[in-house]
Amino acid sequence: MNLTEPKFKDQYSSGGECYFRASILAYDSEGIEKVEWIQQENIYLLFPEQPDSNNGTAVSSTYYIKGNVGDIIFSINVTSKNPSTSQVLPQKIICYDSPKNLTFVPISNFSFNFFKSTYSLYVNITGLEDNTDLPWFSTFNDYEFQVYISFEFNKYKLTFVGVPDDISPVWTFYNEDKTAQFNIPSPKKNFISYQSMKFLYYEPNEYQMISLYDYPQYWFSFKPIERYPYINVMETFFKPKLVSSNDDGTYNYFINLNSIFSSLNFDLRYQNYSSVTKIEKIYNENYSIFVLSNITVNETILTNNRLFKINGIGLNSINRNEIIFTWERYLWNTLSFAGFPFGFGSGGNNNGPIMDISVLTNLNLSDQGYKFSIGDRGDTITFNGNNTNLTGPTIIEYNVQDYLYNLKRVYLKYSTQFGISRIILNNYGDNYATYGIYSYFSTDFNLLSGDLKNGELEFFYQYDIMEDGSFEIIVIDANSISTNVMLAYPDSLLDNFGFSTESISNITFLFNDVNLTDSYGYNIMYLETNDDVPLSFEPCLQIIPQWDNITILGEWINSRYEFKFFMPPNLVPGDFEYALKTPGFHMILNTELPDEFQLNVISDRIDLMGPIVTEINKNPSSNAAVIINNENYNISWTFTITDYNGFDKGYVVVIGSIDNILYNFTIISPTEYSNEFTYQIDITLNNNTCISQTYSIAEMVLYDKYGLNSTFFMNKAIDYTPNINPLYQIQNKSLFSIKTVCPKAIGSFIQPELKSFDFEPKSIDVGSLNRDVTFTYGISIGSGIKEYPIVYLTTTNFQKIKCNDVITTPINSTFNEYKCTLTLPYGFGLPQDIMVNLYGLIGFGNYFGFSSATLRTMGYPFLIETSFTSFDSQSAGFITSTSSISTEGGSLLIYGKFPINGDISVEFSKGYSLTPSKKSGSIIKVDGVKPSSDSFTISIKNGISKSNLYTVTPHKTEYFRPILTSKCKGTPICGGPTQGTCNDVLGCICNSPWVGVDCSSKVIILPQPVFNNTSPSIVINGTTSDNSESSIVALISVVAIREIDFNNKVVHMYSFDHWEYISNNSKLSTYSSNIVNKNGSTTPISVNIEYFENEKTIEFAGQEIKMKPSSIKYTINIDHYPFSARLNQLQLIISATAITNSDSDSCSNKEFDNTTSESSDYIKLSISNKSLYGRLIKRALVDSVPVTISNELLDQSLGAIDDSHTSQSFIGINIPIYSKKVIIDPDFSLLLNSNPTTTNDNENSICSPKSSSTGLSKAQLAGIIVGCSAAAIAITVATVVTIHKKKDLAKQKKIFSAKLKTMS
């Protein structure tokens, strides 16, 4: 006999009492007879919170215990069946009195939790008992100011919620029974003032809500002097949220006052000087809740089921408001929301519709009962059976294992009489049960083998659904009988895997000081830990930049974690809010970390809200619209819409109060991204077809150009998302509705009728690949159909799906045929059959619907019989969806249903396949997906079997383009107004054909070059029209690659001995080589040389680059390199040399600087009026990610040659540590300067005396070239421009060509 004993901790009392909840799981292969809980000492309450769940071999027993201060003693007696043996487990728990002699010493500053709007600090506490649950604390007014204690990252943490009544320099709190007082220094300073507090908008006192979803919204504005103002509203789920800023520096705050209560006492509290101001308001509901009355229930006994037909009159059914359907089976409830037309049988809103709903149960009902209710306050319908001799599912085997971050996989092998209907994860926090944290139906778990009566299944849950050390799996069969399995809480989760702030050695970002003013893009966080190995868990980055809480999983790359995250535009300036999460409950907030770990946001304007309607006009403006004669009549609304970011798109839905017809309108801005515009919507009515009713705005959703939305729903289920209502500024609610009066009565219309209904197939295997069902039905349209009916499928658990894609075929003027095909979700309906319903046939003032039971009485098919076949080991399964993936590639999660034991691989349409790094029957993970800028398909292969093809569309990861500031250059600035203009941010903007940082040069147009076929070198000859006699030889070489450490000392240096040549086309050649590393491995290196005849814009590392005509671009690829240490980096050394062989006087000059407009460094080597210009982009693709790199001059250390006829530079391109590959993309061109370097006026110029300028000799020229070769030249590209008399041109070409042959 195996026993999972309860784990207790001693407790501190509350009001002199302690409360415990204890569970035990007993297992014996021969069966468990009983489990007894025996009260012994100091227990005055001991009762089963839920009965023993006995499946024969396993028993789960849970009891609730209550005792006074002192020792609480009891025992648990477990008896097995065969042989009959007993095992007694004595238990002792200590209930301590509320602590009084505690000492709190702060060991950290206060930090603000922006996810919960709380203040916290870590403390040392003396006086606590060992192995005891943490005590409860209280304040003077727990309703407005609360405190609680937790143990996080091996430290005690005090957290404060709300606002105290004063701003004393200390915050005071008490033990539970207020017999001891404790103090902590306040995080707030005295005399903080919130300047210019102004209430922008709020609902009036005693505001009457017109529907359940018309909750008030409150706005106020002030100028804060700190990042997190001291404001709180205790009565709402949401805290004040900063959503926008104003030109005067004030901030606008928004509070959503949604409440689950019928009334709301709103208490806004904010600190002002030395007091706390309160503003109290009361909001009451003034709307009607849907109620079902006059209920009748009729039962039909079927072969395998019992079908119940429920009818009743629906009261207060207006505007398609969603209705709550509650399906209760023993302790477990299923809540389902459905709006019109589901459940509506006949009638109209003006006379109380007849509801028509079907419920399907098991044939052999349990005495534990079923309950069903419709609406918030309707009567409960009970279905009871008399079968008392029922046992729950038998759990033959189960195990739990880690799968992915924060994700556990549960495996169950089971046997049950009626089939598994539902699985619930039940969590116990603070010794009280919280039912149904996770609920799984047959569509949610995956059957691995067998069926729902005898088989194996798997499902997944997250760590953070649990709040303490116990929770259970509840397996429920189709007759509501359950079996419980207790699960232990992972110890590693409790201690957060030993991770804390002390574990972090460094946090940096790809981009910092990010300017988000009308700008956005991806960024990367780099997390370094104290050890040079991955953590024992997968860390996550948690952010909430706008409204959504976003979690990003880290990737271990180059001995650190990388988190790629998107930063939207116009965020709150200052420190970017983020948190690092373990798979447990706790997180490390950026407010707990030092300044050097912060990401600074720059933003001139805050805008976190969607577009707003500032004005509404309607026509007719006040009186009802009276429709007479045979003329069309237009009713209309005109909206004025404003948005700082610029409006993008939106829609409005108008609804009729009697017929429930929807009118949908798409809103389009007259100009792209308008900041303000007016839009009108019209509904055309005719006296022959209209009915007297009220038309109202039911929905409005507006989007700005960055995707932020504002949302108004009159009739959707309660939504706890704090969306901004686009109509919040419109206080006159009567503007939302227009009343119409029509001469024709509803009774004078001929209403439509259902004439035929069928579907195929009548039975379906919901575990198969083909799960399509096609429905066809015919309607006699009468006076006309305003909306056609929709098929709804419902299960015994009251899951619902509907068939929306309806094809209408008019047969004649009085008859329409409708057809719709629906793919059933995997496992839908199990373990019983599926009810077929048809709702939503709308005529004139009346609507009609038919439940499954009603279709049966009309002689139509009404049930889909279900079966299930699990995948065998030879099947490939099928794919239903995937996780998102960027164009950079990486890891991909594939969701679907797969054989658990198959030899699975994932095939990509790009021509490669990957073996999963993680595999289950529901989720497959593959790593190393290759970068792709366009869509691709994947499939699962298992032997000769293949799954369906699934299309994956990568999203583009657009990184920030950092804005650098520099002064415009040149004399005159930017070459003067005809050559360029100065931009304070971007620098000189040149007018064509001028180029360069100061717009003083022109590109020299050169002929098509000829590529060398033995090494990456090239010779270009050309002549300009200025008849200059100067000639220039430009030599660009990759000299070496070296590894350097963090002190800039050389660790290894490499050269290239041999090149392989591939001629791609006349303008592009590729050269490949490799270096042999010190550990014996090789690092492949390739060079693409591309000639651009004309100007062209290309993209590299997320940056647009304009290539000049006659320029040459190098693309250098360096594959994996084994770095000696994680702090080391590679340095690629490039040599650039300009040489002249002129007989005239000359001066040389060298410039190395950055250009803001191109986000690059540049090297410019000038001799007289000619220049070699090299652009060094300050970005590289490092492991497919754009990364900022640096360039530096190495002239002094490497001995560059400089004289009046020669200018040489060595540039080091510094490459950070990487894993797979790095790509660098410099380019070079020759320029003709408008301001020749001819004198010593420039302090950097080297000029020759007029008498001695005879140019370099052939020997000198050869020496320079050969010298470069001897210095381990890896890539040699020579560009020659000879611009002189024809008699010298041929001579110069021969000299340089000979030297190239020598070097090759």
# chains A, B, ... in the order shown; residues from 1 in each chain; ligands from 1

$ residues_around --residues "Thr4 (chain A)" --least-positions-apart "2" --cutoff "9 Å" --atoms "only C-alpha atoms" --output "list in words"
Asn2, Pro6, Ser23, Ile24, Leu25, Ala26, Tyr27 and Met486 of chain A

$ select_by_dssp --residues "region 41-121 of chain A" --states "strand (DSSP E or B)" --output "ChimeraX atom specification"
/A:41,43-54,58-68,70-80,86-96,103-106,111-113,118-121

$ residues_around --residues "Tyr1071 (chain A)" --least-positions-apart "4" --cutoff "12 Å" --atoms "only C-alpha atoms" --output "number ranges by chain"
A: 1011-1017, 1056, 1058-1064, 1084-1090, 1114-1117, 1274-1277

$ residues_around --residues "region 1220-1225 of chain A" --least-positions-apart "6" --cutoff "8 Å" --atoms "only C-alpha atoms" --output "ChimeraX atom specification"
/A:1100,1113-1121,1176-1177,1179-1184

$ write_last_selection --atoms "N, CA, C and O atoms" --output "mmCIF file, in the first residue's frame"
data_model
loop_
_atom_site.group_PDB
_atom_site.id
_atom_site.type_symbol
_atom_site.label_atom_id
_atom_site.label_comp_id
_atom_site.auth_asym_id
_atom_site.auth_seq_id
_atom_site.Cartn_x
_atom_site.Cartn_y
_atom_site.Cartn_z
ATOM 1 N N PHE A 1100 20.237 46.120 -45.653
ATOM 2 C CA PHE A 1100 21.161 45.259 -44.916
ATOM 3 C C PHE A 1100 20.969 45.517 -43.429
ATOM 4 O O PHE A 1100 20.977 46.664 -42.982
ATOM 5 N N LYS A 1113 30.698 46.770 -53.651
ATOM 6 C CA LYS A 1113 30.276 46.352 -52.313
ATOM 7 C C LYS A 1113 30.842 44.973 -51.996
ATOM 8 O O LYS A 1113 30.852 44.076 -52.829
ATOM 9 N N TYR A 1114 31.332 44.851 -50.783
ATOM 10 C CA TYR A 1114 31.847 43.580 -50.295
ATOM 11 C C TYR A 1114 30.871 43.026 -49.266
ATOM 12 O O TYR A 1114 30.462 43.738 -48.353
ATOM 13 N N THR A 1115 30.498 41.771 -49.402
ATOM 14 C CA THR A 1115 29.711 41.071 -48.389
ATOM 15 C C THR A 1115 30.582 39.951 -47.851
ATOM 16 O O THR A 1115 30.885 38.992 -48.561
ATOM 17 N N ILE A 1116 31.005 40.085 -46.612
ATOM 18 C CA ILE A 1116 31.956 39.156 -45.996
ATOM 19 C C ILE A 1116 31.207 38.287 -44.998
ATOM 20 O O ILE A 1116 30.605 38.792 -44.048
ATOM 21 N N ASN A 1117 31.208 36.961 -45.211
ATOM 22 C CA ASN A 1117 30.547 35.991 -44.341
ATOM 23 C C ASN A 1117 31.598 35.217 -43.565
ATOM 24 O O ASN A 1117 32.493 34.604 -44.156
ATOM 25 N N ILE A 1118 31.488 35.218 -42.247
ATOM 26 C CA ILE A 1118 32.395 34.452 -41.390
ATOM 27 C C ILE A 1118 31.553 33.469 -40.601
ATOM 28 O O ILE A 1118 30.661 33.872 -39.842
ATOM 29 N N ASP A 1119 31.805 32.174 -40.770
ATOM 30 C CA ASP A 1119 31.018 31.154 -40.082
ATOM 31 C C ASP A 1119 31.485 30.998 -38.634
ATOM 32 O O ASP A 1119 32.273 31.792 -38.123
ATOM 33 N N HIS A 1120 31.008 29.927 -38.006
ATOM 34 C CA HIS A 1120 31.263 29.705 -36.581
ATOM 35 C C HIS A 1120 32.748 29.767 -36.242
ATOM 36 O O HIS A 1120 33.593 29.185 -36.933
ATOM 37 N N TYR A 1121 33.021 30.480 -35.165
ATOM 38 C CA TYR A 1121 34.397 30.587 -34.683
ATOM 39 C C TYR A 1121 34.412 30.214 -33.197
ATOM 40 O O TYR A 1121 33.598 30.720 -32.409
ATOM 41 N N LEU A 1176 31.586 52.240 -43.970
ATOM 42 C CA LEU A 1176 31.658 51.126 -43.035
ATOM 43 C C LEU A 1176 30.381 51.149 -42.186
ATOM 44 O O LEU A 1176 30.284 51.872 -41.198
ATOM 45 N N ILE A 1177 29.383 50.394 -42.611
ATOM 46 C CA ILE A 1177 28.101 50.344 -41.913
ATOM 47 C C ILE A 1177 28.318 49.867 -40.482
ATOM 48 O O ILE A 1177 28.995 48.866 -40.249
ATOM 49 N N ARG A 1179 26.575 48.312 -38.533
ATOM 50 C CA ARG A 1179 25.702 47.209 -38.159
ATOM 51 C C ARG A 1179 26.180 45.959 -38.890
ATOM 52 O O ARG A 1179 26.703 46.041 -39.992
ATOM 53 N N ALA A 1180 25.990 44.834 -38.248
ATOM 54 C CA ALA A 1180 26.297 43.544 -38.866
ATOM 55 C C ALA A 1180 25.161 42.593 -38.546
ATOM 56 O O ALA A 1180 24.403 42.808 -37.594
ATOM 57 N N LEU A 1181 25.039 41.563 -39.358
ATOM 58 C CA LEU A 1181 24.090 40.497 -39.056
ATOM 59 C C LEU A 1181 24.829 39.434 -38.251
ATOM 60 O O LEU A 1181 25.654 38.701 -38.781
ATOM 61 N N VAL A 1182 24.538 39.395 -36.968
ATOM 62 C CA VAL A 1182 25.186 38.452 -36.064
ATOM 63 C C VAL A 1182 24.159 37.395 -35.687
ATOM 64 O O VAL A 1182 23.174 37.694 -35.012
ATOM 65 N N ASP A 1183 24.375 36.169 -36.156
ATOM 66 C CA ASP A 1183 23.397 35.087 -35.964
ATOM 67 C C ASP A 1183 22.023 35.522 -36.448
ATOM 68 O O ASP A 1183 21.012 35.343 -35.766
ATOM 69 N N SER A 1184 22.007 36.169 -37.620
ATOM 70 C CA SER A 1184 20.787 36.622 -38.313
ATOM 71 C C SER A 1184 20.116 37.804 -37.641
ATOM 72 O O SER A 1184 19.038 38.203 -38.051
#

$ atom_distance --atom1 "CA of Tyr251 (chain A)" --atom2 "CA of Met700 (chain A)"
25.7 Å

$ residues_around --residues "Gly707 (chain A)" --least-positions-apart "3" --cutoff "8 Å" --atoms "only C-alpha atoms" --output "PyMOL selection string"
chain A and resi 610+703-704

$ residues_around --residues "region 551-564 of chain A" --least-positions-apart "2" --cutoff "9 Å" --atoms "only C-alpha atoms" --output "number ranges by chain"
A: 405, 522-529, 532-534, 538-544, 549, 566, 581, 1126, 1217-1219

$ residues_around --residues "region 28-45 of chain A" --least-positions-apart "6" --cutoff "7 Å" --atoms "only C-alpha atoms" --output "compact mmCIF listing (two decimals) with all heavy atoms, in the first residue's frame"
# COMPACT_ATOMS: atom_id res chain seq x y z
N MET A 1 0.85 -1.20 0.00
CA MET A 1 0.00 0.00 0.00
C MET A 1 0.88 1.25 0.00
O MET A 1 1.79 1.38 0.82
CB MET A 1 -0.91 0.00 1.24
CG MET A 1 -1.87 1.17 1.29
SD MET A 1 -3.18 0.93 2.52
CE MET A 1 -2.24 0.60 4.01
N ASN A 2 0.63 2.14 -0.96
CA ASN A 2 1.38 3.38 -1.06
C ASN A 2 0.51 4.55 -0.62
O ASN A 2 -0.65 4.66 -1.03
CB ASN A 2 1.84 3.62 -2.50
CG ASN A 2 2.83 2.56 -2.95
OD1 ASN A 2 3.68 2.13 -2.19
ND2 ASN A 2 2.68 2.12 -4.20
N GLY A 56 -11.47 1.96 -6.34
CA GLY A 56 -11.09 0.56 -6.11
C GLY A 56 -9.64 0.43 -5.71
O GLY A 56 -9.33 -0.13 -4.67
N THR A 57 -8.75 0.93 -6.54
CA THR A 57 -7.33 0.80 -6.24
C THR A 57 -6.75 2.07 -5.63
O THR A 57 -5.71 2.01 -4.99
CB THR A 57 -6.54 0.46 -7.51
OG1 THR A 57 -6.77 1.49 -8.48
CG2 THR A 57 -6.99 -0.87 -8.09
N ALA A 58 -7.39 3.21 -5.84
CA ALA A 58 -6.88 4.48 -5.33
C ALA A 58 -8.00 5.25 -4.65
O ALA A 58 -9.15 5.26 -5.12
CB ALA A 58 -6.27 5.32 -6.44
N VAL A 59 -7.68 5.86 -3.53
CA VAL A 59 -8.65 6.66 -2.78
C VAL A 59 -8.03 8.02 -2.50
O VAL A 59 -6.90 8.11 -2.03
CB VAL A 59 -9.04 5.98 -1.45
CG1 VAL A 59 -9.90 6.92 -0.61
CG2 VAL A 59 -9.81 4.70 -1.71
N ILE A 65 -10.07 21.09 8.68
CA ILE A 65 -9.74 20.99 10.10
C ILE A 65 -9.70 22.39 10.70
O ILE A 65 -9.13 23.32 10.10
CB ILE A 65 -8.39 20.29 10.31
CG1 ILE A 65 -8.42 18.90 9.67
CG2 ILE A 65 -8.04 20.20 11.79
CD1 ILE A 65 -7.05 18.31 9.48
N LYS A 66 -10.27 22.53 11.89
CA LYS A 66 -10.27 23.81 12.57
C LYS A 66 -9.97 23.59 14.04
O LYS A 66 -10.53 22.69 14.67
CB LYS A 66 -11.65 24.47 12.41
CG LYS A 66 -11.72 25.93 12.83
CD LYS A 66 -13.10 26.48 12.47
CE LYS A 66 -13.22 27.95 12.82
NZ LYS A 66 -14.57 28.48 12.48
N GLY A 67 -9.02 24.38 14.57
CA GLY A 67 -8.64 24.21 15.96
C GLY A 67 -8.23 25.50 16.61
O GLY A 67 -8.03 26.52 15.94
N ASN A 68 -8.10 25.47 17.94
CA ASN A 68 -7.69 26.63 18.70
C ASN A 68 -6.18 26.71 18.80
O ASN A 68 -5.46 25.82 18.34
CB ASN A 68 -8.31 26.57 20.11
CG ASN A 68 -9.82 26.72 20.08
OD1 ASN A 68 -10.34 27.56 19.34
ND2 ASN A 68 -10.52 25.91 20.87
N ASP A 71 -1.56 22.68 20.38
CA ASP A 71 -1.29 21.51 19.54
C ASP A 71 -2.60 20.91 19.04
O ASP A 71 -3.51 20.65 19.83
CB ASP A 71 -0.51 20.45 20.33
CG ASP A 71 0.90 20.91 20.67
OD1 ASP A 71 1.32 21.95 20.12
OD2 ASP A 71 1.55 20.26 21.52
N ILE A 72 -2.66 20.70 17.72
CA ILE A 72 -3.83 20.05 17.11
C ILE A 72 -3.39 18.66 16.70
O ILE A 72 -2.48 18.49 15.89
CB ILE A 72 -4.33 20.85 15.90
CG1 ILE A 72 -4.79 22.25 16.34
CG2 ILE A 72 -5.45 20.12 15.18
CD1 ILE A 72 -5.15 23.16 15.19
N ILE A 73 -4.05 17.63 17.26
CA ILE A 73 -3.60 16.24 17.08
C ILE A 73 -4.75 15.42 16.51
O ILE A 73 -5.88 15.47 17.00
CB ILE A 73 -3.10 15.64 18.40
CG1 ILE A 73 -1.93 16.48 18.96
CG2 ILE A 73 -2.68 14.17 18.22
CD1 ILE A 73 -1.46 16.04 20.33
N PHE A 74 -4.45 14.66 15.45
CA PHE A 74 -5.41 13.73 14.87
C PHE A 74 -4.62 12.63 14.16
O PHE A 74 -3.40 12.68 14.09
CB PHE A 74 -6.37 14.44 13.91
CG PHE A 74 -5.68 15.05 12.72
CD1 PHE A 74 -5.63 14.39 11.51
CD2 PHE A 74 -5.07 16.30 12.82
CE1 PHE A 74 -5.02 14.96 10.41
CE2 PHE A 74 -4.44 16.87 11.74
CZ PHE A 74 -4.41 16.20 10.53
N SER A 75 -5.32 11.64 13.67
CA SER A 75 -4.65 10.56 12.95
C SER A 75 -5.49 10.17 11.74
O SER A 75 -6.69 10.43 11.67
CB SER A 75 -4.43 9.34 13.85
OG SER A 75 -5.67 8.84 14.32
N ILE A 76 -4.83 9.52 10.79
CA ILE A 76 -5.49 9.03 9.58
C ILE A 76 -5.26 7.53 9.51
O ILE A 76 -4.12 7.05 9.57
CB ILE A 76 -4.91 9.71 8.33
CG1 ILE A 76 -4.98 11.23 8.46
CG2 ILE A 76 -5.65 9.26 7.08
CD1 ILE A 76 -4.26 11.97 7.36
N ASN A 77 -6.34 6.78 9.40
CA ASN A 77 -6.28 5.32 9.38
C ASN A 77 -6.70 4.84 7.99
O ASN A 77 -7.83 5.06 7.56
CB ASN A 77 -7.21 4.74 10.46
CG ASN A 77 -7.05 3.23 10.57
OD1 ASN A 77 -6.14 2.64 9.99
ND2 ASN A 77 -7.95 2.61 11.32
N VAL A 78 -5.78 4.17 7.28
CA VAL A 78 -6.04 3.69 5.92
C VAL A 78 -6.06 2.16 5.97
O VAL A 78 -5.12 1.53 6.47
CB VAL A 78 -4.97 4.18 4.94
CG1 VAL A 78 -5.30 3.71 3.53
CG2 VAL A 78 -4.85 5.70 4.98
N THR A 79 -7.13 1.58 5.42
CA THR A 79 -7.30 0.13 5.44
C THR A 79 -7.37 -0.40 4.02
O THR A 79 -8.17 0.08 3.20
CB THR A 79 -8.58 -0.27 6.19
OG1 THR A 79 -8.54 0.30 7.51
CG2 THR A 79 -8.71 -1.79 6.28
N SER A 80 -6.55 -1.39 3.71
CA SER A 80 -6.58 -2.02 2.39
C SER A 80 -7.58 -3.17 2.39
O SER A 80 -8.06 -3.61 3.44
CB SER A 80 -5.18 -2.52 2.01
OG SER A 80 -4.75 -3.50 2.94
N LYS A 81 -7.87 -3.72 1.19
CA LYS A 81 -8.91 -4.75 1.06
C LYS A 81 -8.35 -6.16 1.19
O LYS A 81 -8.85 -6.98 1.97
CB LYS A 81 -9.61 -4.60 -0.29
CG LYS A 81 -10.61 -3.45 -0.34
CD LYS A 81 -11.35 -3.43 -1.68
CE LYS A 81 -12.39 -2.33 -1.70
NZ LYS A 81 -13.12 -2.28 -3.01
N ASN A 82 -7.34 -6.49 0.40
CA ASN A 82 -6.91 -7.88 0.33
C ASN A 82 -5.39 -7.96 0.31
O ASN A 82 -4.77 -7.66 -0.72
CB ASN A 82 -7.50 -8.54 -0.91
CG ASN A 82 -7.22 -10.03 -0.97
OD1 ASN A 82 -6.95 -10.65 0.06
ND2 ASN A 82 -7.28 -10.60 -2.17

$ closest_residue --among "A:Leu608, A:Ile973, A:Ile1246, A:Leu1035" --to "Asn252 (chain A)" --atoms "only C-alpha atoms"
A:Leu608

$ atom_distance --atom1 "CA of Glu1151 (chain A)" --atom2 "CA of Lys1164 (chain A)"
5.1 Å

$ select_by_dssp --residues "region 591-734 of chain A" --states "helix (DSSP H, G or I)" --output "PyMOL selection string"
chain A and resi 591-592+595-597+733-734

$ decode --residues "region 1177-1202 of chain A" --atoms "C-alpha atoms" --output "tab-separated table (two decimals), in the first residue's frame"
chain	number	residue	atom	x	y	z
A	1177	ILE	CA	28.10	50.34	-41.91
A	1178	LYS	CA	27.95	50.25	-38.12
A	1179	ARG	CA	25.70	47.21	-38.16
A	1180	ALA	CA	26.30	43.54	-38.87
A	1181	LEU	CA	24.09	40.50	-39.06
A	1182	VAL	CA	25.19	38.45	-36.06
A	1183	ASP	CA	23.40	35.09	-35.96
A	1184	SER	CA	20.79	36.62	-38.31
A	1185	VAL	CA	20.13	39.50	-35.89
A	1186	PRO	CA	21.10	43.12	-36.71
A	1187	VAL	CA	23.68	44.11	-34.12
A	1188	THR	CA	25.53	47.39	-33.67
A	1189	ILE	CA	29.28	47.07	-34.25
A	1190	SER	CA	32.17	49.51	-34.04
A	1191	ASN	CA	35.04	50.46	-36.32
A	1192	GLU	CA	38.40	51.88	-35.30
A	1193	LEU	CA	41.61	53.15	-36.93
A	1194	LEU	CA	44.71	51.01	-36.37
A	1195	ASP	CA	47.18	53.24	-38.29
A	1196	GLN	CA	49.53	53.89	-35.41
A	1197	SER	CA	49.84	50.27	-34.25
A	1198	LEU	CA	50.13	48.79	-37.76
A	1199	GLY	CA	52.37	51.46	-39.31
A	1200	ALA	CA	50.30	53.01	-42.10
A	1201	ILE	CA	52.27	54.70	-44.93
A	1202	ASP	CA	51.43	58.36	-45.55
